[in-house]
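*Asks:* Here you go, this is coords_12.pdb (PDB, C-alpha atoms).
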```
ATOM      1  CA  MET A  25      29.656 -52.694 -15.860
ATOM      2  CA  LEU A  26      31.324 -53.443 -12.542
ATOM      3  CA  ALA A  27      30.948 -57.211 -12.901
ATOM      4  CA  TYR A  28      32.227 -57.294 -16.504
ATOM      5  CA  TYR A  29      35.357 -55.236 -15.770
ATOM      6  CA  PHE A  30      35.873 -56.542 -12.218
ATOM      7  CA  PRO A  31      39.335 -58.112 -12.751
ATOM      8  CA  LYS A  32      40.676 -54.991 -14.481
ATOM      9  CA  LEU A  33      38.986 -52.801 -11.889
ATOM     10  CA  VAL A  34      40.641 -54.621  -8.978
ATOM     11  CA  LYS A  35      44.059 -54.456 -10.663
ATOM     12  CA  GLY A  36      43.614 -50.751 -11.383
ATOM     13  CA  PHE A  37      42.418 -50.107  -7.840
ATOM     14  CA  PHE A  38      45.530 -51.626  -6.302
ATOM     15  CA  ARG A  39      47.773 -49.878  -8.834
ATOM     16  CA  PHE A  40      46.176 -46.560  -7.796
ATOM     17  CA  HIS A  41      44.810 -45.836 -11.275
ATOM     18  CA  PRO A  42      42.615 -42.714 -10.970
ATOM     19  CA  VAL A  43      39.846 -43.933 -13.293
ATOM     20  CA  ALA A  44      39.629 -47.278 -11.483
ATOM     21  CA  TRP A  45      39.303 -45.479  -8.160
ATOM     22  CA  SER A  46      36.538 -43.240  -9.523
ATOM     23  CA  ILE A  47      34.620 -46.246 -10.877
ATOM     24  CA  CYS A  48      35.043 -48.110  -7.571
ATOM     25  CA  PHE A  49      33.624 -45.139  -5.697
ATOM     26  CA  LEU A  50      30.801 -44.917  -8.252
ATOM     27  CA  GLY A  51      29.924 -48.567  -7.649
ATOM     28  CA  LEU A  52      30.129 -48.261  -3.878
ATOM     29  CA  SER A  53      27.915 -45.179  -4.018
ATOM     30  CA  GLY A  54      25.346 -47.231  -5.923
ATOM     31  CA  VAL A  55      25.452 -49.938  -3.272
ATOM     32  CA  MET A  56      25.105 -47.292  -0.547
ATOM     33  CA  VAL A  57      22.052 -45.815  -2.280
ATOM     34  CA  GLN A  58      20.396 -49.232  -2.479
ATOM     35  CA  VAL A  59      21.048 -49.963   1.200
ATOM     36  CA  PHE A  60      19.754 -46.600   2.418
ATOM     37  CA  ASP A  61      16.747 -46.935   0.112
ATOM     38  CA  ARG A  62      15.797 -50.256   1.732
ATOM     39  CA  LEU A  63      16.643 -49.430   5.377
ATOM     40  CA  PRO A  64      13.299 -47.705   6.178
ATOM     41  CA  ALA A  65      11.411 -50.734   4.829
ATOM     42  CA  TRP A  66      13.563 -53.093   6.893
ATOM     43  CA  TYR A  67      12.986 -50.884   9.943
ATOM     44  CA  ARG A  68       9.226 -50.862   9.304
ATOM     45  CA  HIS A  69       9.236 -54.644   8.953
ATOM     46  CA  ALA A  70      11.268 -55.103  12.176
ATOM     47  CA  LYS A  71       8.823 -52.907  14.116
ATOM     48  CA  GLY A  72       5.779 -54.692  12.664
ATOM     49  CA  LEU A  73       4.404 -51.557  10.972
ATOM     50  CA  SER A  74       2.292 -51.672   7.825
ATOM     51  CA  LYS A  75       3.455 -50.249   4.498
ATOM     52  CA  SER A  76       0.976 -47.381   4.704
ATOM     53  CA  GLU A  77       2.386 -46.077   8.000
ATOM     54  CA  VAL A  78       4.806 -43.233   7.528
ATOM     55  CA  ILE A  79       8.014 -43.207   9.527
ATOM     56  CA  ASN A  80       8.543 -39.666  10.824
ATOM     57  CA  ASN A  81      11.667 -39.885  12.893
ATOM     58  CA  PRO A  82      15.345 -38.920  12.616
ATOM     59  CA  PHE A  83      16.221 -42.366  11.243
ATOM     60  CA  ALA A  84      14.015 -41.865   8.173
ATOM     61  CA  SER A  85      15.517 -38.414   7.603
ATOM     62  CA  PHE A  86      19.018 -39.857   7.936
ATOM     63  CA  CYS A  87      18.264 -42.560   5.351
ATOM     64  CA  THR A  88      16.686 -40.093   2.934
ATOM     65  CA  ALA A  89      19.617 -37.684   3.200
ATOM     66  CA  PHE A  90      22.183 -40.410   2.545
ATOM     67  CA  GLU A  91      20.162 -41.900  -0.302
ATOM     68  CA  GLU A  92      19.761 -38.576  -2.108
ATOM     69  CA  GLY A  93      23.361 -37.581  -1.380
ATOM     70  CA  GLY A  94      24.547 -40.927  -2.731
ATOM     71  CA  GLU A  95      22.617 -40.393  -5.946
ATOM     72  CA  MET A  96      24.413 -37.071  -6.397
ATOM     73  CA  MET A  97      27.732 -38.787  -5.700
ATOM     74  CA  ILE A  98      27.027 -41.365  -8.436
ATOM     75  CA  ALA A  99      26.658 -38.607 -11.020
ATOM     76  CA  SER A 100      29.727 -36.783  -9.689
ATOM     77  CA  PHE A 101      31.936 -39.865  -9.778
ATOM     78  CA  ALA A 102      30.738 -40.728 -13.289
ATOM     79  CA  LEU A 103      31.648 -37.262 -14.550
ATOM     80  CA  ILE A 104      35.003 -37.355 -12.754
ATOM     81  CA  ALA A 105      35.797 -40.768 -14.291
ATOM     82  CA  ILE A 106      34.897 -39.520 -17.774
ATOM     83  CA  LEU A 107      37.085 -36.435 -17.381
ATOM     84  CA  GLN A 108      39.967 -38.468 -15.958
ATOM     85  CA  ALA A 109      39.770 -41.031 -18.762
ATOM     86  CA  HIS A 110      39.695 -38.258 -21.346
ATOM     87  CA  ALA A 111      42.709 -36.545 -19.791
ATOM     88  CA  ILE A 112      44.657 -39.811 -19.633
ATOM     89  CA  TYR A 113      43.724 -41.456 -22.934
ATOM     90  CA  ALA A 114      42.894 -38.587 -25.314
ATOM     91  CA  ARG A 115      45.466 -37.545 -27.843
ATOM     92  CA  ASP A 116      47.053 -34.147 -27.500
ATOM     93  CA  GLU A 117      46.276 -33.389 -31.136
ATOM     94  CA  PRO A 118      43.544 -30.839 -31.843
ATOM     95  CA  PHE A 119      40.343 -32.068 -33.432
ATOM     96  CA  PRO A 120      40.538 -31.784 -37.251
ATOM     97  CA  GLY A 121      39.108 -28.466 -38.461
ATOM     98  CA  TYR A 122      39.255 -26.799 -35.042
ATOM     99  CA  ALA A 123      42.968 -25.990 -34.771
TER     100      ALA A 123
END
```
As structure tokens - that is how I would like this structure written.
*Replies:*
Amino acid sequence: MLAYYFPKLVKGFFRFHPVAWSICFLGLSGVMVQVFDRLPAWYRHAKGLSKSEVINNPFASFCTAFEEGGEMMIASFALIAILQAHAIYARDEPFPGYA
């Protein structure tokens, strides 16, 4: 999604379009989640630890908190973008039969 709409996304970002900003934050949250998901493995590899060894230190807790928080942010930004797009692009006419 981000790659396909990248040119429009960049233009909307610099024009301060609210939906573009929400989608940019959604994409950056996804990148953040991937980085914090991999950091404990990179740490384990740098220290020469095996995969079966559990990392019980503040660094692992920090990574887990940011990964889980980032996953919640992805859902939040997606909902915000949907609501913003609806508010901007939806017609002000009531739905037929529900007036």
*Asks:* Provide the atom CA of A:Phe86 to atom CA of A:Phe60 distance in Å, to one decimal place.
*Replies:*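 Going from atom CA of A:Phe86 over to atom CA of A:Phe60, I get 8.7 Å.
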*Asks:* Please build the interface table for stretch 28-69 of chain A against stretch 100-107 of chain A with a cut-off of 10 Å, listing for each qualifying residue the nearest atom pair and the distance in Å to one decimal; count only C-alpha atoms, order rows by chain and increasing number, and write it as a Markdown table.
*Replies:*
```
| residue | atom | partner | partner_atom | distance |
| --- | --- | --- | --- | --- |
| A:Pro42 | CA | A:Ala105 | CA | 7.8 |
| A:Val43 | CA | A:Ala105 | CA | 5.2 |
| A:Ala44 | CA | A:Ala105 | CA | 8.1 |
| A:Trp45 | CA | A:Ala105 | CA | 8.5 |
| A:Ser46 | CA | A:Ala105 | CA | 5.4 |
| A:Ile47 | CA | A:Ala105 | CA | 6.6 |
| A:Cys48 | CA | A:Phe101 | CA | 9.1 |
| A:Phe49 | CA | A:Phe101 | CA | 6.9 |
| A:Leu50 | CA | A:Phe101 | CA | 5.4 |
| A:Gly51 | CA | A:Phe101 | CA | 9.2 |
| A:Ser53 | CA | A:Phe101 | CA | 8.8 |
```
*Asks:* Write a file of the selected residues as a PDB file, in the coordinates of the input, keeping C-alpha atoms.
*Replies:*
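Saved result, result_5.pdb, follows:
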```pdb
ATOM      1  CA  PRO A  42      42.615 -42.714 -10.970  1.00  0.00           C
ATOM      2  CA  VAL A  43      39.846 -43.933 -13.293  1.00  0.00           C
ATOM      3  CA  ALA A  44      39.629 -47.278 -11.483  1.00  0.00           C
ATOM      4  CA  TRP A  45      39.303 -45.479  -8.160  1.00  0.00           C
ATOM      5  CA  SER A  46      36.538 -43.240  -9.523  1.00  0.00           C
ATOM      6  CA  ILE A  47      34.620 -46.246 -10.877  1.00  0.00           C
ATOM      7  CA  CYS A  48      35.043 -48.110  -7.571  1.00  0.00           C
ATOM      8  CA  PHE A  49      33.624 -45.139  -5.697  1.00  0.00           C
ATOM      9  CA  LEU A  50      30.801 -44.917  -8.252  1.00  0.00           C
ATOM     10  CA  GLY A  51      29.924 -48.567  -7.649  1.00  0.00           C
ATOM     11  CA  SER A  53      27.915 -45.179  -4.018  1.00  0.00           C
TER      12      SER A  53
END
```
*Asks:* Given the choices A:Met96, A:Ala27, A:Ala84, A:Ala70, which gets closest to A:Met56 if the distance is worked out from only C-alpha atoms?
*Replies:*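 Ranking A:Met96, A:Ala27, A:Ala84, A:Ala70 by distance to A:Met56, first place goes to A:Met96.
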*Asks:* Neighbours of A:Ile79 within 10 Å (all atoms listed in the file; same-chain residues fewer than 6 positions away dropped), as a list in words?
*Replies:* Pro64, Ala65, Tyr67, Arg68, Leu73 and Ser85 of chain A
*Asks:* Quick check, in Å to one decimal: how far apart do atom CA of A:Asp61 and atom CA of A:Glu91 lie?
*Replies:*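 Rounded to one decimal, the two atoms are 6.1 Å apart.
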*Asks:* When you draw a straight line from atom CA of A:Asn81 to atom CA of A:His69, how long is it in Å?
*Replies:* 15.5 Å
*Asks:* Using only C-alpha atoms for the distances, tell me which of A:Val34, A:Ile98, A:Val78, A:Met25 is nearest to A:Leu52.
*Replies:*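 Under the stated criterion, the closest residue is A:Ile98.
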*Asks:* Nearest to A:Gly54: which of A:Phe83, A:Phe38, A:Phe90, A:Tyr28 is it, counting all atoms listed in the file?
*Replies:* A:Phe90
*Asks:* Please supply stretch 70-81 of chain A, rebuilt with all heavy atoms, as a CSV table (one decimal), keeping the file's coordinate frame.
*Replies:*
```
chain,number,residue,atom,x,y,z
A,70,ALA,N,10.8,-54.7,10.9
A,70,ALA,CA,11.3,-55.1,12.2
A,70,ALA,C,10.3,-54.6,13.3
A,70,ALA,O,10.2,-55.3,14.3
A,70,ALA,CB,12.7,-54.6,12.4
A,71,LYS,N,9.7,-53.5,13.1
A,71,LYS,CA,8.8,-52.9,14.1
A,71,LYS,C,7.4,-53.4,14.0
A,71,LYS,O,6.5,-53.1,14.8
A,71,LYS,CB,8.8,-51.4,14.1
A,71,LYS,CG,10.2,-50.8,14.4
A,71,LYS,CD,10.5,-51.0,15.9
A,71,LYS,CE,11.8,-50.3,16.3
A,71,LYS,NZ,12.1,-50.5,17.7
A,72,GLY,N,7.1,-54.2,12.9
A,72,GLY,CA,5.8,-54.7,12.7
A,72,GLY,C,4.8,-53.6,12.2
A,72,GLY,O,3.6,-53.8,12.4
A,73,LEU,N,5.3,-52.6,11.5
A,73,LEU,CA,4.4,-51.6,11.0
A,73,LEU,C,3.9,-51.9,9.6
A,73,LEU,O,4.6,-52.7,8.8
A,73,LEU,CB,5.2,-50.2,10.9
A,73,LEU,CG,5.7,-49.7,12.3
A,73,LEU,CD1,6.6,-48.5,12.0
A,73,LEU,CD2,4.6,-49.4,13.2
A,74,SER,N,2.8,-51.4,9.2
A,74,SER,CA,2.3,-51.7,7.8
A,74,SER,C,3.0,-50.7,6.8
A,74,SER,O,3.6,-49.8,7.2
A,74,SER,CB,0.8,-51.5,7.8
A,74,SER,OG,0.5,-50.1,7.9
A,75,LYS,N,2.8,-51.1,5.5
A,75,LYS,CA,3.5,-50.2,4.5
A,75,LYS,C,2.9,-48.8,4.4
A,75,LYS,O,3.5,-47.9,4.0
A,75,LYS,CB,3.3,-50.9,3.1
A,75,LYS,CG,4.1,-52.2,3.0
A,75,LYS,CD,3.9,-52.7,1.6
A,75,LYS,CE,4.8,-54.0,1.4
A,75,LYS,NZ,4.6,-54.5,0.0
A,76,SER,N,1.6,-48.7,4.8
A,76,SER,CA,1.0,-47.4,4.7
A,76,SER,C,1.4,-46.4,5.8
A,76,SER,O,1.2,-45.2,5.7
A,76,SER,CB,-0.5,-47.5,4.7
A,76,SER,OG,-1.0,-48.1,5.9
A,77,GLU,N,2.0,-46.9,6.9
A,77,GLU,CA,2.4,-46.1,8.0
A,77,GLU,C,3.7,-45.4,7.6
A,77,GLU,O,4.6,-45.9,7.1
A,77,GLU,CB,2.6,-46.9,9.3
A,77,GLU,CG,1.3,-47.5,9.8
A,77,GLU,CD,1.5,-48.2,11.1
A,77,GLU,OE1,2.0,-47.5,12.1
A,77,GLU,OE2,1.3,-49.4,11.2
A,78,VAL,N,3.7,-44.1,7.9
A,78,VAL,CA,4.8,-43.2,7.5
A,78,VAL,C,5.7,-43.2,8.7
A,78,VAL,O,5.3,-43.0,9.9
A,78,VAL,CB,4.3,-41.8,7.1
A,78,VAL,CG1,5.5,-40.9,6.8
A,78,VAL,CG2,3.4,-41.9,5.9
A,79,ILE,N,7.0,-43.3,8.5
A,79,ILE,CA,8.0,-43.2,9.5
A,79,ILE,C,8.5,-41.8,9.6
A,79,ILE,O,9.1,-41.3,8.7
A,79,ILE,CB,9.2,-44.1,9.3
A,79,ILE,CG1,8.8,-45.6,9.1
A,79,ILE,CG2,10.2,-44.0,10.4
A,79,ILE,CD1,9.9,-46.5,8.6
A,80,ASN,N,8.1,-41.1,10.6
A,80,ASN,CA,8.5,-39.7,10.8
A,80,ASN,C,9.5,-39.6,12.0
A,80,ASN,O,9.1,-39.2,13.1
A,80,ASN,CB,7.3,-38.7,11.0
A,80,ASN,CG,6.5,-38.6,9.8
A,80,ASN,OD1,7.1,-38.6,8.7
A,80,ASN,ND2,5.2,-38.4,9.9
A,81,ASN,N,10.7,-40.0,11.8
A,81,ASN,CA,11.7,-39.9,12.9
A,81,ASN,C,13.0,-39.6,12.3
A,81,ASN,O,13.2,-39.6,11.1
A,81,ASN,CB,11.7,-41.2,13.7
A,81,ASN,CG,12.1,-42.4,12.9
A,81,ASN,OD1,12.6,-42.3,11.9
A,81,ASN,ND2,11.8,-43.6,13.4
```
